[in-house]
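With compact mmCIF, C-alpha atoms inside, this is final-v2.txt:
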```txt
# COMPACT_ATOMS: atom_id res chain seq x y z
CA PRO A 1386 0.00 0.00 0.00
CA GLN A 1387 1.07 3.53 -0.72
CA GLY A 1388 2.28 5.58 2.26
CA LYS A 1389 1.05 8.99 3.33
CA MET A 1390 4.09 10.68 1.79
CA GLY A 1391 3.41 8.98 -1.53
CA LYS A 1392 -0.21 10.16 -1.50
CA LEU A 1393 0.98 13.67 -0.69
CA LEU A 1394 3.37 13.64 -3.64
CA LEU A 1395 0.69 12.44 -6.03
CA THR A 1396 -1.70 15.10 -4.70
CA GLY A 1397 0.92 17.72 -5.53
CA VAL A 1398 1.29 16.33 -9.04
CA ASN A 1399 -2.47 16.30 -9.61
CA HIS A 1400 -2.96 19.84 -8.26
CA THR A 1401 0.18 21.57 -9.52
CA ARG A 1402 -1.20 25.11 -9.74
CA ALA A 1403 -2.73 25.03 -6.29
CA VAL A 1404 0.50 23.69 -4.76
CA ILE A 1405 2.66 26.29 -6.54
CA THR A 1406 0.28 29.07 -5.43
CA LEU A 1407 0.46 27.83 -1.83
CA LEU A 1408 4.30 27.65 -1.95
CA VAL A 1409 4.55 31.17 -3.36
CA LEU A 1410 2.14 32.49 -0.73
CA LEU A 1411 4.05 30.88 2.14
CA THR A 1412 7.34 32.19 0.75
CA VAL A 1413 6.02 35.75 0.39
CA ILE A 1414 4.73 35.67 4.00
CA ALA A 1415 8.08 34.36 5.23
CA LEU A 1416 9.97 37.04 3.27
CA TYR A 1417 7.70 39.70 4.80
CA PHE A 1418 8.74 38.71 8.34
CA LEU A 1419 12.38 37.92 7.48
CA PRO A 1420 13.77 41.48 7.95
CA GLY A 1421 12.70 41.28 11.62
CA LEU A 1422 14.97 38.29 12.31
CA ARG A 1423 17.38 39.08 15.14
CA LEU A 1424 20.71 37.71 16.33
CA GLU A 1425 21.16 37.16 20.06
CA ILE A 1426 24.77 36.33 20.95
CA THR A 1427 24.40 36.12 24.72
CA ALA A 1428 24.62 33.37 27.31
CA GLU A 1429 21.14 34.38 28.52
CA GLY A 1430 19.72 33.53 25.11
CA MET A 1431 20.66 29.85 25.61
CA MET A 1432 19.65 29.59 29.28
CA VAL A 1433 16.52 27.81 30.49
CA LYS A 1434 14.01 30.44 31.60
CA ASP A 1435 13.43 29.24 35.20
CA ASP A 1436 16.74 27.44 35.70
CA PRO A 1437 17.99 27.73 39.35
CA ALA A 1438 21.42 28.89 38.18
CA ARG A 1439 19.87 31.70 36.15
CA LEU A 1440 17.64 32.75 39.07
CA PHE A 1441 20.70 32.85 41.34
CA TYR A 1442 22.55 34.96 38.77
CA GLU A 1443 19.65 37.43 38.59
CA ARG A 1444 19.50 37.69 42.40
CA THR A 1445 23.23 38.40 42.44
CA LEU A 1446 22.77 41.22 39.93
CA ASN A 1447 19.98 42.70 42.03
CA SER A 1448 22.22 42.62 45.12
CA PHE A 1449 25.53 43.79 43.67
CA GLY A 1450 24.61 45.60 40.49
CA SER A 1451 25.42 45.03 36.84
CA ASP A 1452 28.42 42.99 35.72
CA ASN A 1453 28.12 44.42 32.22
CA VAL A 1454 31.13 46.75 32.13
CA THR A 1455 32.83 48.26 29.10
CA ILE A 1456 36.27 49.86 29.41
CA VAL A 1457 37.06 52.93 27.32
CA TYR A 1458 40.83 53.13 26.73
CA LEU A 1459 42.39 56.57 26.17
CA GLU A 1460 46.10 56.98 25.43
CA ASP A 1461 48.14 60.05 24.55
CA ASP A 1462 51.63 61.36 25.35
CA ASN A 1463 50.08 64.64 26.47
CA LEU A 1464 46.88 63.25 27.97
CA PHE A 1465 46.58 65.91 30.71
CA ASP A 1466 46.55 68.81 28.27
CA ALA A 1467 43.69 71.11 29.25
CA HIS A 1468 42.07 70.98 25.80
CA LYS A 1469 42.21 67.19 25.64
CA LEU A 1470 40.89 66.78 29.18
CA GLY A 1471 38.03 69.08 28.26
CA LEU A 1472 37.11 66.85 25.31
CA ILE A 1473 37.34 63.74 27.52
CA LYS A 1474 35.11 65.35 30.15
CA GLU A 1475 32.57 66.21 27.48
CA ALA A 1476 32.62 62.58 26.29
CA VAL A 1477 32.16 61.31 29.87
CA ASN A 1478 29.16 63.61 30.31
CA LYS A 1479 27.63 62.19 27.13
CA LEU A 1480 28.25 58.64 28.37
CA ASN A 1481 26.49 59.40 31.65
CA LYS A 1482 23.49 60.76 29.73
CA MET A 1483 23.05 57.52 27.78
CA VAL A 1484 19.78 55.87 28.81
CA LEU A 1485 21.44 52.45 28.87
CA VAL A 1486 24.32 53.54 31.12
CA GLU A 1487 23.99 53.03 34.87
CA LYS A 1488 27.16 54.90 35.85
CA THR A 1489 30.79 55.54 34.87
CA ASP A 1490 33.97 55.24 36.93
CA SER A 1491 36.83 57.56 36.03
CA LEU A 1492 38.94 60.41 37.36
CA PHE A 1493 35.90 62.57 36.64
CA SER A 1494 33.78 60.65 39.18
CA ILE A 1495 36.12 59.04 41.76
CA ARG A 1496 36.17 61.19 44.90
CA TYR A 1497 39.45 62.92 45.87
CA LEU A 1498 39.49 63.23 49.66
CA ARG A 1499 41.77 66.09 50.77
CA THR A 1500 42.08 68.78 53.43
CA ILE A 1501 42.88 72.40 52.54
CA ASP A 1502 43.00 75.12 55.23
CA ASP A 1503 41.17 72.87 57.71
CA PHE A 1504 38.40 72.23 55.20
CA THR A 1505 37.72 68.74 53.79
CA TYR A 1506 36.93 68.42 50.09
CA THR A 1507 35.55 65.32 48.36
CA SER A 1508 35.09 66.50 44.79
CA PRO A 1509 36.33 64.21 41.97
CA TYR A 1510 39.99 64.39 40.89
CA LEU A 1511 39.11 66.04 37.60
CA ASP A 1512 36.14 68.04 38.83
CA SER A 1513 37.99 71.06 37.45
CA ILE A 1514 40.47 70.81 34.58
CA PRO A 1515 44.12 71.73 35.48
CA GLN A 1516 45.19 74.68 33.35
CA ASP A 1517 48.98 74.18 33.43
CA SER A 1518 51.53 71.36 33.62
CA GLU A 1519 52.27 71.95 37.32
CA GLN A 1520 48.65 71.49 38.37
CA ALA A 1521 48.40 68.44 36.13
CA ALA A 1522 51.53 66.87 37.66
CA VAL A 1523 50.25 67.42 41.21
CA LEU A 1524 46.89 65.92 40.29
CA LYS A 1525 48.45 62.87 38.63
CA GLN A 1526 50.68 62.27 41.64
CA ALA A 1527 47.71 62.50 44.01
CA ALA A 1528 45.65 60.12 41.88
CA LEU A 1529 48.42 57.52 41.67
CA ILE A 1530 48.59 57.33 45.48
CA ASN A 1531 45.10 55.83 45.41
CA PRO A 1532 45.49 52.04 44.84
CA LEU A 1533 42.03 51.91 43.22
CA ILE A 1534 43.23 54.28 40.51
CA LYS A 1535 46.86 53.28 39.94
CA LYS A 1536 47.10 50.81 37.02
CA ASN A 1537 43.32 50.70 36.97
CA LEU A 1538 42.00 54.07 35.87
CA LEU A 1539 45.40 55.71 35.28
CA SER A 1540 48.77 54.33 34.19
CA GLU A 1541 51.91 55.09 36.18
CA ASP A 1542 53.30 57.37 33.47
CA GLY A 1543 49.99 59.23 33.17
CA HIS A 1544 49.71 58.50 29.45
CA VAL A 1545 46.78 56.09 29.67
CA MET A 1546 43.38 56.69 31.24
CA ALA A 1547 40.45 54.28 31.52
CA ILE A 1548 36.74 54.95 31.86
CA ASN A 1549 34.63 52.07 33.19
CA VAL A 1550 31.12 52.23 31.77
CA HIS A 1551 28.48 50.22 33.67
CA PHE A 1552 25.37 49.33 31.71
CA ALA A 1553 21.91 48.74 33.16
CA THR A 1554 21.37 45.00 32.74
CA LYS A 1555 17.66 45.26 33.55
CA ARG A 1556 17.20 47.41 30.44
CA TYR A 1557 18.74 44.78 28.16
CA PHE A 1558 16.84 44.15 24.94
CA ARG A 1559 17.53 42.47 21.65
CA GLY A 1560 19.74 44.78 19.64
CA PHE A 1561 21.26 46.18 22.85
CA ASP A 1562 24.84 45.39 21.83
CA GLU A 1563 24.54 46.96 18.39
CA GLU A 1564 22.96 50.13 19.79
CA VAL A 1565 25.51 50.46 22.61
CA SER A 1566 28.45 49.93 20.25
CA SER A 1567 27.04 52.48 17.80
CA GLN A 1568 26.51 55.11 20.51
CA LEU A 1569 29.98 54.56 21.98
CA GLU A 1570 31.57 54.91 18.56
CA GLN A 1571 29.70 58.15 17.99
CA ILE A 1572 30.66 59.61 21.38
CA LEU A 1573 34.32 58.63 21.10
CA GLN A 1574 34.75 59.79 17.49
CA PRO A 1575 35.89 63.36 18.41
CA LEU A 1576 38.50 61.90 20.80
CA LYS A 1577 40.00 59.70 18.08
CA ALA A 1578 40.95 62.83 16.15
CA GLU A 1579 42.72 64.39 19.16
CA LEU A 1580 44.26 61.51 21.13
CA GLY A 1581 46.89 58.99 20.10
CA ARG A 1582 44.78 55.90 20.73
CA VAL A 1583 41.12 55.44 21.63
CA PHE A 1584 39.05 52.27 21.73
CA PHE A 1585 36.59 50.42 23.96
CA MET A 1586 36.24 46.77 24.95
CA GLY A 1587 33.64 44.77 26.82
CA ASP A 1588 30.68 42.42 26.42
CA PRO A 1589 28.68 44.60 23.99
CA TYR A 1590 31.73 45.01 21.74
CA VAL A 1591 32.54 41.28 21.82
CA ARG A 1592 28.95 40.16 21.24
CA ASN A 1593 28.47 42.70 18.46
CA GLY A 1594 31.69 41.42 16.86
CA ILE A 1595 30.46 37.82 17.07
CA SER A 1596 27.11 38.82 15.53
CA GLN A 1597 28.91 40.52 12.65
CA ARG A 1598 31.14 37.47 12.20
CA ILE A 1599 28.08 35.20 12.00
CA HIS A 1600 26.64 37.49 9.32
CA ASP A 1601 29.92 37.33 7.40
CA ASP A 1602 30.18 33.55 7.82
CA GLN A 1603 26.68 33.07 6.43
CA LYS A 1604 27.68 35.04 3.34
CA MET A 1605 30.55 32.60 2.81
CA ILE A 1606 29.24 29.28 4.18
CA LEU A 1607 25.82 29.30 2.49
CA PRO A 1608 27.10 30.05 -1.05
CA GLY A 1609 29.86 27.48 -0.51
CA ALA A 1610 27.40 24.82 0.62
CA ILE A 1611 25.11 25.61 -2.32
CA LEU A 1612 27.96 25.44 -4.84
CA LEU A 1613 29.21 22.10 -3.51
CA LEU A 1614 25.66 20.71 -3.53
CA ILE A 1615 25.08 21.76 -7.15
CA ILE A 1616 28.39 20.25 -8.31
CA ALA A 1617 27.81 16.98 -6.44
CA LEU A 1618 24.25 16.61 -7.72
CA ALA A 1619 25.14 17.55 -11.29
CA ILE A 1620 27.83 14.87 -11.33
CA SER A 1621 25.75 12.15 -9.66
CA LEU A 1622 22.41 12.82 -11.40
CA ARG A 1623 23.94 13.95 -14.71
CA ARG A 1624 21.27 16.63 -15.16
CA MET A 1625 21.59 20.26 -14.15
CA GLN A 1626 17.81 20.65 -13.80
CA ALA A 1627 17.70 17.73 -11.38
CA ALA A 1628 20.55 19.30 -9.41
CA LEU A 1629 18.59 22.54 -8.94
CA ILE A 1630 15.45 20.88 -7.52
CA PRO A 1631 16.99 19.92 -4.12
CA LEU A 1632 18.51 23.39 -3.97
CA LEU A 1633 15.07 24.95 -4.52
CA THR A 1634 13.38 22.86 -1.82
CA ALA A 1635 16.21 23.50 0.64
CA GLY A 1636 16.14 27.23 -0.11
CA LEU A 1637 12.39 27.41 0.51
CA SER A 1638 12.85 25.51 3.77
CA VAL A 1639 15.49 27.99 4.95
CA ILE A 1640 13.29 30.98 4.09
CA TRP A 1641 10.25 29.46 5.85
CA ILE A 1642 12.15 28.49 9.00
CA LEU A 1643 13.87 31.86 9.36
CA GLY A 1644 10.64 33.70 8.55
CA LEU A 1645 8.79 31.67 11.20
CA MET A 1646 11.52 32.44 13.75
CA ALA A 1647 11.20 36.14 12.95
CA ALA A 1648 7.40 36.03 13.20
CA LEU A 1649 7.56 34.26 16.58
CA ASP A 1650 10.36 36.60 17.75
CA ILE A 1651 12.76 33.68 18.21
CA PRO A 1652 16.31 35.06 17.82
CA VAL A 1653 19.14 33.27 16.06
CA ASN A 1654 21.84 32.32 18.57
CA ILE A 1655 25.25 30.72 18.15
CA MET A 1656 23.75 27.23 17.99
CA SER A 1657 20.85 27.93 15.62
CA SER A 1658 23.00 29.95 13.21
CA VAL A 1659 24.07 26.67 11.55
CA ILE A 1660 20.45 25.76 10.66
CA PRO A 1661 20.52 27.20 7.09
CA ALA A 1662 23.62 25.20 6.11
CA LEU A 1663 22.24 22.03 7.74
CA LEU A 1664 18.90 22.39 5.94
CA ILE A 1665 20.64 22.76 2.60
CA ILE A 1666 23.00 19.79 3.02
CA ILE A 1667 21.00 17.34 5.14
CA GLY A 1668 17.56 18.34 3.84
CA SER A 1669 18.52 17.60 0.25
CA THR A 1670 19.21 13.89 0.89
CA GLU A 1671 15.55 12.82 0.55
CA ASP A 1672 15.23 14.88 -2.64
CA ILE A 1673 18.23 13.08 -4.10
CA HIS A 1674 16.70 9.71 -3.20
CA LEU A 1675 13.38 10.57 -4.88
CA LEU A 1676 15.05 12.03 -7.96
CA SER A 1677 17.26 8.96 -8.31
CA GLU A 1678 14.18 6.71 -8.23
CA TYR A 1679 12.38 8.88 -10.77
CA LEU A 1680 15.32 9.13 -13.20
CA ASN A 1681 16.06 5.41 -12.89
CA SER A 1682 12.48 4.54 -13.87
CA TYR A 1683 12.34 7.18 -16.60
CA ARG A 1684 15.57 5.93 -18.22
CA GLN A 1685 14.13 2.45 -18.36
CA GLY A 1686 11.37 3.70 -20.66
CA VAL A 1687 8.63 4.17 -18.11
CA SER A 1688 6.25 7.06 -18.76
CA ARG A 1689 6.56 10.28 -16.77
CA ASP A 1690 3.37 9.72 -14.78
CA GLN A 1691 4.24 6.13 -14.02
CA ALA A 1692 7.79 7.13 -13.00
CA ILE A 1693 6.33 9.64 -10.56
CA LYS A 1694 4.00 6.95 -9.14
CA LEU A 1695 6.90 4.53 -8.73
CA MET A 1696 8.95 7.30 -7.06
CA SER A 1697 6.13 8.01 -4.60
CA ASP A 1698 5.96 4.32 -3.67
CA ASN A 1699 9.61 4.49 -2.56
```

Take the structure in the file and write it out as structure tokens.
Amino acid sequence: PQGKMGKLLLTGVNHTRAVITLLVLLTVIALYFLPGLRLEITAEGMMVKDDPARLFYERTLNSFGSDNVTIVYLEDDNLFDAHKLGLIKEAVNKLNKMVLVEKTDSLFSIRYLRTIDDFTYTSPYLDSIPQDSEQAAVLKQAALINPLIKKNLLSEDGHVMAINVHFATKRYFRGFDEEVSSQLEQILQPLKAELGRVFFMGDPYVRNGISQRIHDDQKMILPGAILLLIIALAISLRRMQAALIPLLTAGLSVIWILGLMAALDIPVNIMSSVIPALLIIIGSTEDIHLLSEYLNSYRQGVSRDQAIKLMSDN
């Protein structure tokens, strides 16, 4: 007796226009949702929702604050020049105004405890910008006495300064890393023209880099997989048209799956990013089997309709 899959194949043959219309409709719907597909390169994206370890991690964040810290690295031989410090202070103020930033740690925020004329002052080290080299030298020396600053926020030679940017983890959303990286780049752009070396590093930068690498890999892996599949099928089946059929079915499957993920707001993570290549390579095996059965029967002189029926029986 003929199986359910065989009956389905024959139904498709007997109602070709309806099947093609349905395939086109599903593909158009999937393509409509496809631009909303998101990448989520975070550990949280692969965690079980109510896992005890995740709940403990969230309680820790609530108790001790965010662990999402990005370090802005600033280096220049004349870093304590009044003009350059003014530009850095302006950048720090912009960082503090970012909605996604919880706080920043730098010489512009760390308190400098000192006594002058029997009065105690606790304003930050760089609350006011030193206007000459003598004031700058005194300030650097005072800052380097603090063990929390030395080799942390300021190098011993005073040529390197760090700004620790703490992000609000509770405000995390999909696309967070891309937006944070873009805003940081925009804020730091004026400093890159004035200082010797400026860059930032941290989780948003790393995750954004991984996301971009996945995009780039897909541009290389998918065409490579498709090319190898076409060559292998053309050689084995000895017909270019037959080689394109598995590619068509695999391509539609990829579009539908990714479109469904976008519609259901299911992000692509590190694990699921290999799905398109797997669908193309593994999903084409059944097509090859069916095509081989069809071509084998057709070459033996069987009619087209009978070859299709024999293929559906297998």

Selected residue, from A:Ala1692, A:Ala1467, A:Leu1539, A:Ile1548, that lies nearest to Asn1481 in chain A when counting all atoms listed in the file: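 Under the stated criterion, the closest residue is A:Ile1548.
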
Option closest in space to Phe1585 in chain A, from A:Leu1637, A:Asp1517, A:Leu1408, A:Val1454 [counting all atoms listed in the file]: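 Smallest separation from Phe1585 in chain A among the options: A:Val1454.
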
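CA of Ala1648 in chain A lies 27.7 Å from CA of Glu1671 in chain A.
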
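Of the residues listed (A:Asp1466, A:Glu1564, A:Glu1570, A:Asp1503), A:Glu1564 shows the shortest atom-to-atom separation from Asn1593 in chain A; distances use all atoms listed in the file.
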
All residues 10 Å or closer to Gly1594 in chain A, all atoms listed in the file, same chain fewer than 6 positions away omitted, as a ChimeraX atom specification: /A:1426,1562-1563,1566,1588,1600

All residues 12 Å or closer to Asn1531 in chain A, all atoms listed in the file, same chain fewer than 4 positions away omitted, as a ChimeraX atom specification: /A:1492,1495-1498,1510,1524-1527,1535-1541

Of the listed residues A:Ile1606, A:Ile1630, A:Leu1569, A:Val1409, that which approaches Val1659 in chain A most closely, counting only C-alpha atoms: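 Of all the options, A:Ile1606 lies closest to Val1659 in chain A.
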
Residue nearest Val1550 in chain A among A:Leu1440, A:Ala1528, A:Leu1613, A:Leu1485 (counting only C-alpha atoms):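 Closest to Val1550 in chain A of all the choices is A:Leu1485.
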
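Pairwise distance (CA of Pro1532 in chain A, CA of Lys1469 in chain A) equals 24.7 Å.
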
CA of Ser1518 in chain A to CA of Val1545 in chain A, distance in Å rounded to a single decimal: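 If I compute the distance from CA of Ser1518 in chain A to CA of Val1545 in chain A, I get 16.5 Å.
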
Nearest-residue call for Arg1592 in chain A, choices A:Tyr1679, A:Phe1561, A:Ala1522, A:Val1404, using all atoms listed in the file: A:Phe1561
